[in-house]
Every structure is written in structure tokens, then in C-alpha cells.
Amino acid sequence: MDEYMNEQEQWEYVRNWVRQNGLWLIAGVALAGLGLWGWRSWQAHQESMYMEANAQYQQMLAAFGKNDMPTVIKLADQLVKDHPRTGYAEQAQLAAARMQVENNQLPGALDRLQKVETSTPDQELKLVVRLRIARIQIEQNRADDALATLSAVDPGAFAGRFAEVRGDALRAKGDRAGALKAYREAQSSQAAQAGNSAGDLLALKINELSRS
């Protein structure tokens with residue numbers, strides 16, 4: 001707009017501009033309003049889903065505390081179905097798998113853990129799950145599979161724990177020398193990470209193999 005227009009000319013200019021562009025202005029405001037409404041609706045939906053997942057997870061924890069395996073399994077499966085991309089679903093799967101292991105339902109537990117390992121974006125959780133998978137495979141007399149599970153990834157900060165479970169697998173195969181070497185590696189790694197001595201159970205494993 002020309003800065004030297006008089007007041008009347010400026011008013012006429014504005015009226016003409018609004019007449020020509022008013023519909024676009026209204027449409028723009030309406031779209032902005034719809035966008036804001038959509039965003040708030042999405043946030044409300046996400047919060048509702050989060051609360052629902054949390055409620056189901058708390059119910060599952062209560063059932064876990066009562067050793068009610070049917071309810072734990074049911075709620076874990078429901079969380080995976082309804083809220084698959086949440087930490088609640090992953091933790092529910094881990095809890096259900098633990099209960100299945102405690103009740104000697106190893107195939108079911110293994111299936112759950114493998115699904116978590118495949119789907120989770122959490123790299124540390126992947127390593128923890130691999131350890132649990134390997135332990136189940138050892139219980140199933142599949143020591144070679146356990147060793148393959150452990151060697152397929154870089155354990156990073158979990159090197160000590162991986163070494164200990166590798167020792168368990170080698171011991172299950174009858175390789176006592178290999179198991180002792182792995183246990184000592186685990187002891188050294190865990191002591192370095194923790195700044196103190198490794199766990200009592202690991203020390204017992206080493207002492208037992210050292211005497212034989």
C-alpha cells in the first residue's frame with residue numbers, strides 16, 4: 001500500500017482487498033482452527049489410550065503378585081493387542097514370560113520373549129531379552145542355540161552377564177574348561193563395572209569348577 005494514500009483511499013483499498021480475498025482468509029482461519037482442534041483431539045486420544053494401558057498394566061501386576069497366571073496371560077495378551085507400541089505391552093510380555101518360566105511353560109515364554117526382542121526399539125532391552133532367551137534354551141537342553149543367541153549381538157555393557165550365561169551353556173555341553181574361562185571373564189567384567197566383587201552365585205560356579 002502506498003504510504004502517501006489518504007485515510008479514505010486506504011479504507012477503500014482495504015475493503016477491495018477483503019472483498020477479493022475474504023473467502024481465502026475465512027478458509028485459512030477455519031483450517032487453522034480445525035488443525036488446532038485435530039491436534040487437541042489427538043492429544044486427548046493419546047492420553048486416554050495411555051490411561052487405559054496403565055490401568056490394564058496395574059491389573060496385570062496385581063494378578064502377578066497373586067501368582068494368578070491365567071489373568072496375567074490374558075491381560076498381557078490384551079495389552080499387546082490394544083497398545084502394541086507402548087512400554088506397557090513390552091513389560092507385560094516380560095512379566096508373563098517370567099511367570100510361564102516359573103510354571104515350566106518354556107515354549108510359551110520363549111515365544112513371548114522372541115516377539116519382544118524383534119519388536120522393541122530399545123537396544124538395551126533387546127540385550128536383556130536375549131539373555132533370557134538363552135537361559136530358556138539352556139533349560140530346553142539347547143545349549144548350542146543358546147550360544148548362537150548370545151554370539152549374534154555385541155553385548156556392550158552387558159558383556160559380563162553374557163559371559164556368565166555363555167559359561168552356563170558351555171557347562172551344559174560338558175565343556176567345563178570353556179565354562180570356567182567364561183565365568184572368570186564374567187567375574188572380571190562384572191567386578192570392573194560394579195567397582196567391587198562379582199555376585200556370590202558366579203563365585204560359587206567358579207569355585208566348583210576350579211576344584212574339579
# chains A, B, ... in the order shown; residues from 1 in each chain; ligands from 1

$ residues_around --residues "Thr71 (chain A)" --least-positions-apart "3" --cutoff "10 Å" --atoms "only C-alpha atoms" --output "ChimeraX atom specification"
/A:59-64,66-68,74-77,96

$ write_last_selection --atoms "C-alpha atoms" --output "PDB file, in the first residue's frame"
ATOM      1  CA  GLN A  59      -4.307 -55.034  36.936  1.00  0.00           C
ATOM      2  CA  MET A  60      -1.730 -57.396  35.479  1.00  0.00           C
ATOM      3  CA  LEU A  61       0.789 -56.536  38.215  1.00  0.00           C
ATOM      4  CA  ALA A  62      -1.834 -57.246  40.857  1.00  0.00           C
ATOM      5  CA  ALA A  63      -2.533 -60.631  39.260  1.00  0.00           C
ATOM      6  CA  PHE A  64       1.208 -61.306  39.058  1.00  0.00           C
ATOM      7  CA  LYS A  66      -1.182 -63.198  43.427  1.00  0.00           C
ATOM      8  CA  ASN A  67       0.508 -65.734  41.122  1.00  0.00           C
ATOM      9  CA  ASP A  68      -2.671 -65.719  39.016  1.00  0.00           C
ATOM     10  CA  LYS A  74      -4.925 -62.689  29.494  1.00  0.00           C
ATOM     11  CA  LEU A  75      -4.025 -59.104  30.399  1.00  0.00           C
ATOM     12  CA  ALA A  76      -0.603 -59.309  28.773  1.00  0.00           C
ATOM     13  CA  ASP A  77      -2.167 -60.504  25.538  1.00  0.00           C
ATOM     14  CA  ALA A  96       4.043 -63.071  31.503  1.00  0.00           C
TER      15      ALA A  96
END

$ select_by_dssp --residues "region 45-181 of chain A" --states "helix (DSSP H, G or I)" --output "short mmCIF file (atom, residue, chain, number, x, y, z; two decimals) with N, CA and C atoms, in the first residue's frame"
data_model
loop_
_atom_site.label_atom_id
_atom_site.label_comp_id
_atom_site.auth_asym_id
_atom_site.auth_seq_id
_atom_site.Cartn_x
_atom_site.Cartn_y
_atom_site.Cartn_z
N HIS A 45 -6.90 -38.26 22.75
CA HIS A 45 -6.99 -39.68 22.44
C HIS A 45 -5.77 -40.43 22.97
N GLN A 46 -4.58 -39.84 22.76
CA GLN A 46 -3.36 -40.47 23.23
C GLN A 46 -3.36 -40.60 24.75
N GLU A 47 -3.81 -39.56 25.42
CA GLU A 47 -3.86 -39.61 26.88
C GLU A 47 -4.84 -40.67 27.35
N SER A 48 -5.97 -40.78 26.67
CA SER A 48 -6.96 -41.79 27.03
C SER A 48 -6.39 -43.19 26.85
N MET A 49 -5.69 -43.41 25.74
CA MET A 49 -5.08 -44.71 25.48
C MET A 49 -4.01 -45.03 26.51
N TYR A 50 -3.23 -44.00 26.89
CA TYR A 50 -2.19 -44.19 27.89
C TYR A 50 -2.81 -44.61 29.23
N MET A 51 -3.88 -43.94 29.63
CA MET A 51 -4.53 -44.25 30.89
C MET A 51 -5.11 -45.67 30.87
N GLU A 52 -5.66 -46.04 29.73
CA GLU A 52 -6.23 -47.38 29.60
C GLU A 52 -5.13 -48.44 29.70
N ALA A 53 -4.02 -48.19 29.02
CA ALA A 53 -2.90 -49.13 29.08
C ALA A 53 -2.35 -49.23 30.50
N ASN A 54 -2.24 -48.11 31.17
CA ASN A 54 -1.74 -48.10 32.54
C ASN A 54 -2.66 -48.89 33.46
N ALA A 55 -3.96 -48.72 33.28
CA ALA A 55 -4.92 -49.44 34.12
C ALA A 55 -4.81 -50.96 33.90
N GLN A 56 -4.68 -51.37 32.66
CA GLN A 56 -4.54 -52.80 32.36
C GLN A 56 -3.24 -53.34 32.94
N TYR A 57 -2.19 -52.55 32.85
CA TYR A 57 -0.89 -52.99 33.37
C TYR A 57 -0.93 -53.14 34.88
N GLN A 58 -1.57 -52.20 35.57
CA GLN A 58 -1.68 -52.29 37.02
C GLN A 58 -2.49 -53.52 37.43
N GLN A 59 -3.53 -53.82 36.67
CA GLN A 59 -4.31 -55.03 36.94
C GLN A 59 -3.43 -56.28 36.77
N MET A 60 -2.60 -56.25 35.73
CA MET A 60 -1.73 -57.40 35.48
C MET A 60 -0.71 -57.57 36.60
N LEU A 61 -0.16 -56.46 37.11
CA LEU A 61 0.79 -56.54 38.21
C LEU A 61 0.13 -57.12 39.46
N ALA A 62 -1.11 -56.71 39.70
CA ALA A 62 -1.83 -57.25 40.86
C ALA A 62 -2.02 -58.75 40.72
N ALA A 63 -2.37 -59.20 39.51
CA ALA A 63 -2.53 -60.63 39.26
C ALA A 63 -1.20 -61.36 39.39
N PHE A 64 -0.13 -60.71 38.95
CA PHE A 64 1.21 -61.31 39.06
C PHE A 64 1.57 -61.52 40.53
N GLY A 65 1.25 -60.51 41.35
CA GLY A 65 1.53 -60.62 42.78
C GLY A 65 0.77 -61.74 43.45
N MET A 69 -1.69 -66.84 37.10
CA MET A 69 -1.14 -66.89 35.76
C MET A 69 -2.19 -66.71 34.66
N PRO A 70 -3.37 -67.32 34.74
CA PRO A 70 -4.35 -67.11 33.66
C PRO A 70 -4.68 -65.64 33.44
N THR A 71 -4.83 -64.89 34.55
CA THR A 71 -5.15 -63.47 34.42
C THR A 71 -3.96 -62.69 33.88
N VAL A 72 -2.76 -63.04 34.32
CA VAL A 72 -1.56 -62.38 33.81
C VAL A 72 -1.44 -62.56 32.31
N ILE A 73 -1.62 -63.80 31.86
CA ILE A 73 -1.52 -64.09 30.42
C ILE A 73 -2.59 -63.34 29.65
N LYS A 74 -3.82 -63.36 30.17
CA LYS A 74 -4.93 -62.69 29.49
C LYS A 74 -4.67 -61.19 29.35
N LEU A 75 -4.24 -60.54 30.44
CA LEU A 75 -4.02 -59.10 30.40
C LEU A 75 -2.81 -58.74 29.56
N ALA A 76 -1.78 -59.57 29.61
CA ALA A 76 -0.60 -59.31 28.77
C ALA A 76 -0.97 -59.37 27.30
N ASP A 77 -1.74 -60.38 26.93
CA ASP A 77 -2.17 -60.50 25.54
C ASP A 77 -3.06 -59.33 25.13
N GLN A 78 -3.90 -58.87 26.06
CA GLN A 78 -4.78 -57.75 25.77
C GLN A 78 -3.99 -56.46 25.57
N LEU A 79 -2.97 -56.26 26.39
CA LEU A 79 -2.12 -55.08 26.22
C LEU A 79 -1.39 -55.09 24.88
N VAL A 80 -0.91 -56.25 24.50
CA VAL A 80 -0.22 -56.36 23.21
C VAL A 80 -1.19 -56.07 22.06
N LYS A 81 -2.42 -56.53 22.21
CA LYS A 81 -3.42 -56.31 21.16
C LYS A 81 -3.85 -54.85 21.09
N ASP A 82 -4.14 -54.25 22.26
CA ASP A 82 -4.70 -52.90 22.29
C ASP A 82 -3.66 -51.79 22.25
N GLY A 87 5.47 -49.11 26.12
CA GLY A 87 6.32 -49.84 27.04
C GLY A 87 5.52 -50.79 27.92
N TYR A 88 4.24 -50.47 28.12
CA TYR A 88 3.39 -51.35 28.92
C TYR A 88 3.29 -52.73 28.28
N ALA A 89 3.12 -52.77 26.98
CA ALA A 89 2.99 -54.05 26.29
C ALA A 89 4.27 -54.87 26.45
N GLU A 90 5.41 -54.22 26.31
CA GLU A 90 6.69 -54.93 26.44
C GLU A 90 6.87 -55.48 27.85
N GLN A 91 6.62 -54.63 28.85
CA GLN A 91 6.80 -55.07 30.23
C GLN A 91 5.80 -56.17 30.60
N ALA A 92 4.61 -56.08 30.05
CA ALA A 92 3.63 -57.13 30.30
C ALA A 92 4.08 -58.46 29.72
N GLN A 93 4.65 -58.41 28.53
CA GLN A 93 5.17 -59.63 27.91
C GLN A 93 6.29 -60.24 28.75
N LEU A 94 7.17 -59.39 29.27
CA LEU A 94 8.27 -59.88 30.09
C LEU A 94 7.74 -60.53 31.37
N ALA A 95 6.76 -59.90 32.00
CA ALA A 95 6.19 -60.45 33.22
C ALA A 95 5.49 -61.78 32.94
N ALA A 96 4.74 -61.83 31.85
CA ALA A 96 4.04 -63.07 31.50
C ALA A 96 5.04 -64.18 31.19
N ALA A 97 6.11 -63.84 30.49
CA ALA A 97 7.14 -64.84 30.16
C ALA A 97 7.79 -65.37 31.44
N ARG A 98 8.06 -64.47 32.38
CA ARG A 98 8.66 -64.91 33.65
C ARG A 98 7.75 -65.89 34.37
N MET A 99 6.47 -65.57 34.42
CA MET A 99 5.53 -66.46 35.10
C MET A 99 5.45 -67.81 34.38
N GLN A 100 5.51 -67.79 33.06
CA GLN A 100 5.47 -69.05 32.32
C GLN A 100 6.71 -69.88 32.59
N VAL A 101 7.87 -69.22 32.72
CA VAL A 101 9.10 -69.96 33.05
C VAL A 101 8.96 -70.59 34.43
N GLU A 102 8.45 -69.81 35.39
CA GLU A 102 8.29 -70.32 36.75
C GLU A 102 7.31 -71.49 36.81
N LEU A 106 7.95 -73.34 29.09
CA LEU A 106 9.08 -72.73 28.41
C LEU A 106 8.80 -72.33 26.96
N PRO A 107 8.11 -73.15 26.17
CA PRO A 107 7.85 -72.72 24.78
C PRO A 107 7.05 -71.41 24.70
N GLY A 108 6.04 -71.28 25.54
CA GLY A 108 5.25 -70.05 25.54
C GLY A 108 6.07 -68.85 25.95
N ALA A 109 6.90 -69.03 26.97
CA ALA A 109 7.76 -67.93 27.42
C ALA A 109 8.75 -67.53 26.34
N LEU A 110 9.32 -68.54 25.69
CA LEU A 110 10.29 -68.26 24.62
C LEU A 110 9.64 -67.48 23.48
N ASP A 111 8.43 -67.86 23.12
CA ASP A 111 7.72 -67.17 22.04
C ASP A 111 7.49 -65.70 22.39
N ARG A 112 7.09 -65.43 23.62
CA ARG A 112 6.87 -64.05 24.04
C ARG A 112 8.17 -63.23 23.98
N LEU A 113 9.22 -63.80 24.50
CA LEU A 113 10.49 -63.07 24.53
C LEU A 113 11.01 -62.80 23.12
N GLN A 114 10.86 -63.75 22.24
CA GLN A 114 11.32 -63.54 20.87
C GLN A 114 10.52 -62.44 20.18
N LYS A 115 9.26 -62.34 20.49
CA LYS A 115 8.43 -61.26 19.91
C LYS A 115 8.89 -59.90 20.43
N VAL A 116 9.19 -59.83 21.73
CA VAL A 116 9.68 -58.56 22.29
C VAL A 116 11.02 -58.20 21.68
N GLU A 117 11.90 -59.15 21.57
CA GLU A 117 13.24 -58.89 21.02
C GLU A 117 13.15 -58.38 19.59
N THR A 118 12.19 -58.89 18.84
CA THR A 118 12.04 -58.49 17.44
C THR A 118 11.42 -57.11 17.31
N SER A 119 10.48 -56.79 18.20
CA SER A 119 9.69 -55.57 18.02
C SER A 119 10.21 -54.34 18.75
N GLN A 123 17.44 -50.83 22.51
CA GLN A 123 18.57 -51.73 22.30
C GLN A 123 19.01 -52.43 23.57
N GLU A 124 18.95 -51.77 24.70
CA GLU A 124 19.32 -52.42 25.96
C GLU A 124 18.32 -53.51 26.31
N LEU A 125 17.04 -53.24 26.08
CA LEU A 125 16.04 -54.26 26.34
C LEU A 125 16.25 -55.47 25.45
N LYS A 126 16.65 -55.25 24.21
CA LYS A 126 16.94 -56.36 23.31
C LYS A 126 18.00 -57.29 23.93
N LEU A 127 19.03 -56.69 24.53
CA LEU A 127 20.10 -57.49 25.12
C LEU A 127 19.61 -58.27 26.33
N VAL A 128 18.81 -57.62 27.18
CA VAL A 128 18.25 -58.30 28.35
C VAL A 128 17.38 -59.47 27.91
N VAL A 129 16.58 -59.25 26.88
CA VAL A 129 15.70 -60.31 26.38
C VAL A 129 16.51 -61.47 25.81
N ARG A 130 17.60 -61.15 25.11
CA ARG A 130 18.45 -62.22 24.57
C ARG A 130 19.03 -63.09 25.68
N LEU A 131 19.40 -62.47 26.78
CA LEU A 131 19.90 -63.24 27.92
C LEU A 131 18.83 -64.21 28.41
N ARG A 132 17.60 -63.73 28.50
CA ARG A 132 16.51 -64.58 28.99
C ARG A 132 16.20 -65.70 28.00
N ILE A 133 16.27 -65.36 26.72
CA ILE A 133 16.05 -66.38 25.68
C ILE A 133 17.11 -67.47 25.80
N ALA A 134 18.36 -67.07 25.97
CA ALA A 134 19.45 -68.04 26.07
C ALA A 134 19.27 -68.94 27.29
N ARG A 135 18.84 -68.36 28.40
CA ARG A 135 18.64 -69.17 29.61
C ARG A 135 17.54 -70.22 29.39
N ILE A 136 16.47 -69.82 28.70
CA ILE A 136 15.41 -70.78 28.40
C ILE A 136 15.93 -71.88 27.49
N GLN A 137 16.71 -71.51 26.50
CA GLN A 137 17.25 -72.51 25.58
C GLN A 137 18.15 -73.50 26.31
N ILE A 138 18.89 -73.03 27.31
CA ILE A 138 19.71 -73.93 28.12
C ILE A 138 18.80 -74.90 28.88
N GLU A 139 17.71 -74.38 29.46
CA GLU A 139 16.77 -75.23 30.18
C GLU A 139 16.14 -76.26 29.26
N ALA A 143 21.79 -76.02 24.28
CA ALA A 143 22.94 -75.19 24.61
C ALA A 143 23.56 -74.53 23.38
N ASP A 144 23.60 -75.25 22.27
CA ASP A 144 24.17 -74.67 21.05
C ASP A 144 23.33 -73.48 20.57
N ASP A 145 22.02 -73.61 20.67
CA ASP A 145 21.15 -72.50 20.29
C ASP A 145 21.38 -71.30 21.22
N ALA A 146 21.58 -71.59 22.49
CA ALA A 146 21.85 -70.52 23.45
C ALA A 146 23.14 -69.79 23.10
N LEU A 147 24.17 -70.54 22.76
CA LEU A 147 25.44 -69.92 22.38
C LEU A 147 25.28 -69.07 21.13
N ALA A 148 24.48 -69.54 20.19
CA ALA A 148 24.23 -68.76 18.97
C ALA A 148 23.46 -67.49 19.30
N THR A 149 22.50 -67.57 20.20
CA THR A 149 21.73 -66.39 20.62
C THR A 149 22.65 -65.35 21.24
N LEU A 150 23.58 -65.80 22.06
CA LEU A 150 24.48 -64.89 22.77
C LEU A 150 25.53 -64.27 21.85
N SER A 151 25.95 -65.00 20.85
CA SER A 151 27.04 -64.52 19.98
C SER A 151 26.54 -63.67 18.82
N GLY A 156 27.93 -55.18 24.59
CA GLY A 156 28.19 -53.86 25.15
C GLY A 156 28.36 -53.90 26.66
N ALA A 157 27.57 -53.10 27.37
CA ALA A 157 27.68 -53.02 28.82
C ALA A 157 27.21 -54.30 29.51
N PHE A 158 26.60 -55.20 28.76
CA PHE A 158 26.11 -56.46 29.34
C PHE A 158 27.11 -57.60 29.11
N ALA A 159 28.35 -57.27 28.79
CA ALA A 159 29.34 -58.29 28.46
C ALA A 159 29.51 -59.31 29.58
N GLY A 160 29.54 -58.83 30.81
CA GLY A 160 29.71 -59.74 31.94
C GLY A 160 28.57 -60.72 32.07
N ARG A 161 27.36 -60.24 31.93
CA ARG A 161 26.19 -61.12 32.04
C ARG A 161 26.13 -62.10 30.88
N PHE A 162 26.50 -61.64 29.69
CA PHE A 162 26.54 -62.54 28.53
C PHE A 162 27.58 -63.63 28.76
N ALA A 163 28.73 -63.26 29.30
CA ALA A 163 29.79 -64.24 29.55
C ALA A 163 29.34 -65.30 30.55
N GLU A 164 28.62 -64.87 31.58
CA GLU A 164 28.15 -65.84 32.58
C GLU A 164 27.17 -66.83 31.97
N VAL A 165 26.22 -66.34 31.19
CA VAL A 165 25.25 -67.26 30.58
C VAL A 165 25.93 -68.13 29.53
N ARG A 166 26.92 -67.57 28.85
CA ARG A 166 27.70 -68.41 27.92
C ARG A 166 28.39 -69.53 28.69
N GLY A 167 28.91 -69.20 29.87
CA GLY A 167 29.51 -70.24 30.71
C GLY A 167 28.50 -71.31 31.09
N ASP A 168 27.26 -70.89 31.40
CA ASP A 168 26.22 -71.86 31.72
C ASP A 168 25.95 -72.79 30.54
N ALA A 169 25.94 -72.22 29.34
CA ALA A 169 25.69 -73.04 28.14
C ALA A 169 26.83 -74.02 27.90
N LEU A 170 28.06 -73.56 28.06
CA LEU A 170 29.21 -74.43 27.87
C LEU A 170 29.25 -75.53 28.93
N ARG A 171 28.89 -75.18 30.13
CA ARG A 171 28.83 -76.19 31.20
C ARG A 171 27.77 -77.23 30.89
N ALA A 172 26.63 -76.78 30.35
CA ALA A 172 25.57 -77.73 29.98
C ALA A 172 26.03 -78.68 28.88
N ARG A 176 33.72 -78.02 30.64
CA ARG A 176 33.98 -77.39 31.94
C ARG A 176 35.09 -76.35 31.84
N ALA A 177 36.10 -76.63 31.04
CA ALA A 177 37.20 -75.66 30.89
C ALA A 177 36.70 -74.39 30.21
N GLY A 178 35.88 -74.56 29.18
CA GLY A 178 35.32 -73.40 28.50
C GLY A 178 34.39 -72.62 29.40
N ALA A 179 33.63 -73.35 30.21
CA ALA A 179 32.71 -72.69 31.14
C ALA A 179 33.48 -71.90 32.19
N LEU A 180 34.54 -72.48 32.74
CA LEU A 180 35.34 -71.79 33.75
C LEU A 180 35.96 -70.52 33.18
N LYS A 181 36.44 -70.60 31.96
CA LYS A 181 37.02 -69.42 31.30
C LYS A 181 35.97 -68.33 31.14
#

$ closest_residue --among "A:Asp175, A:Asn104, A:Asn141, A:Ser188" --to "Leu202 (chain A)" --atoms "only C-alpha atoms"
A:Ser188

$ closest_residue --among "A:Pro155, A:Gln105, A:Thr86, A:Leu204" --to "Ser189 (chain A)" --atoms "only C-alpha atoms"
A:Pro155

$ atom_distance --atom1 "CA of Arg142 (chain A)" --atom2 "CA of Ala182 (chain A)"
18.0 Å

$ atom_distance --atom1 "CA of Gly174 (chain A)" --atom2 "CA of Arg211 (chain A)"
15.7 Å
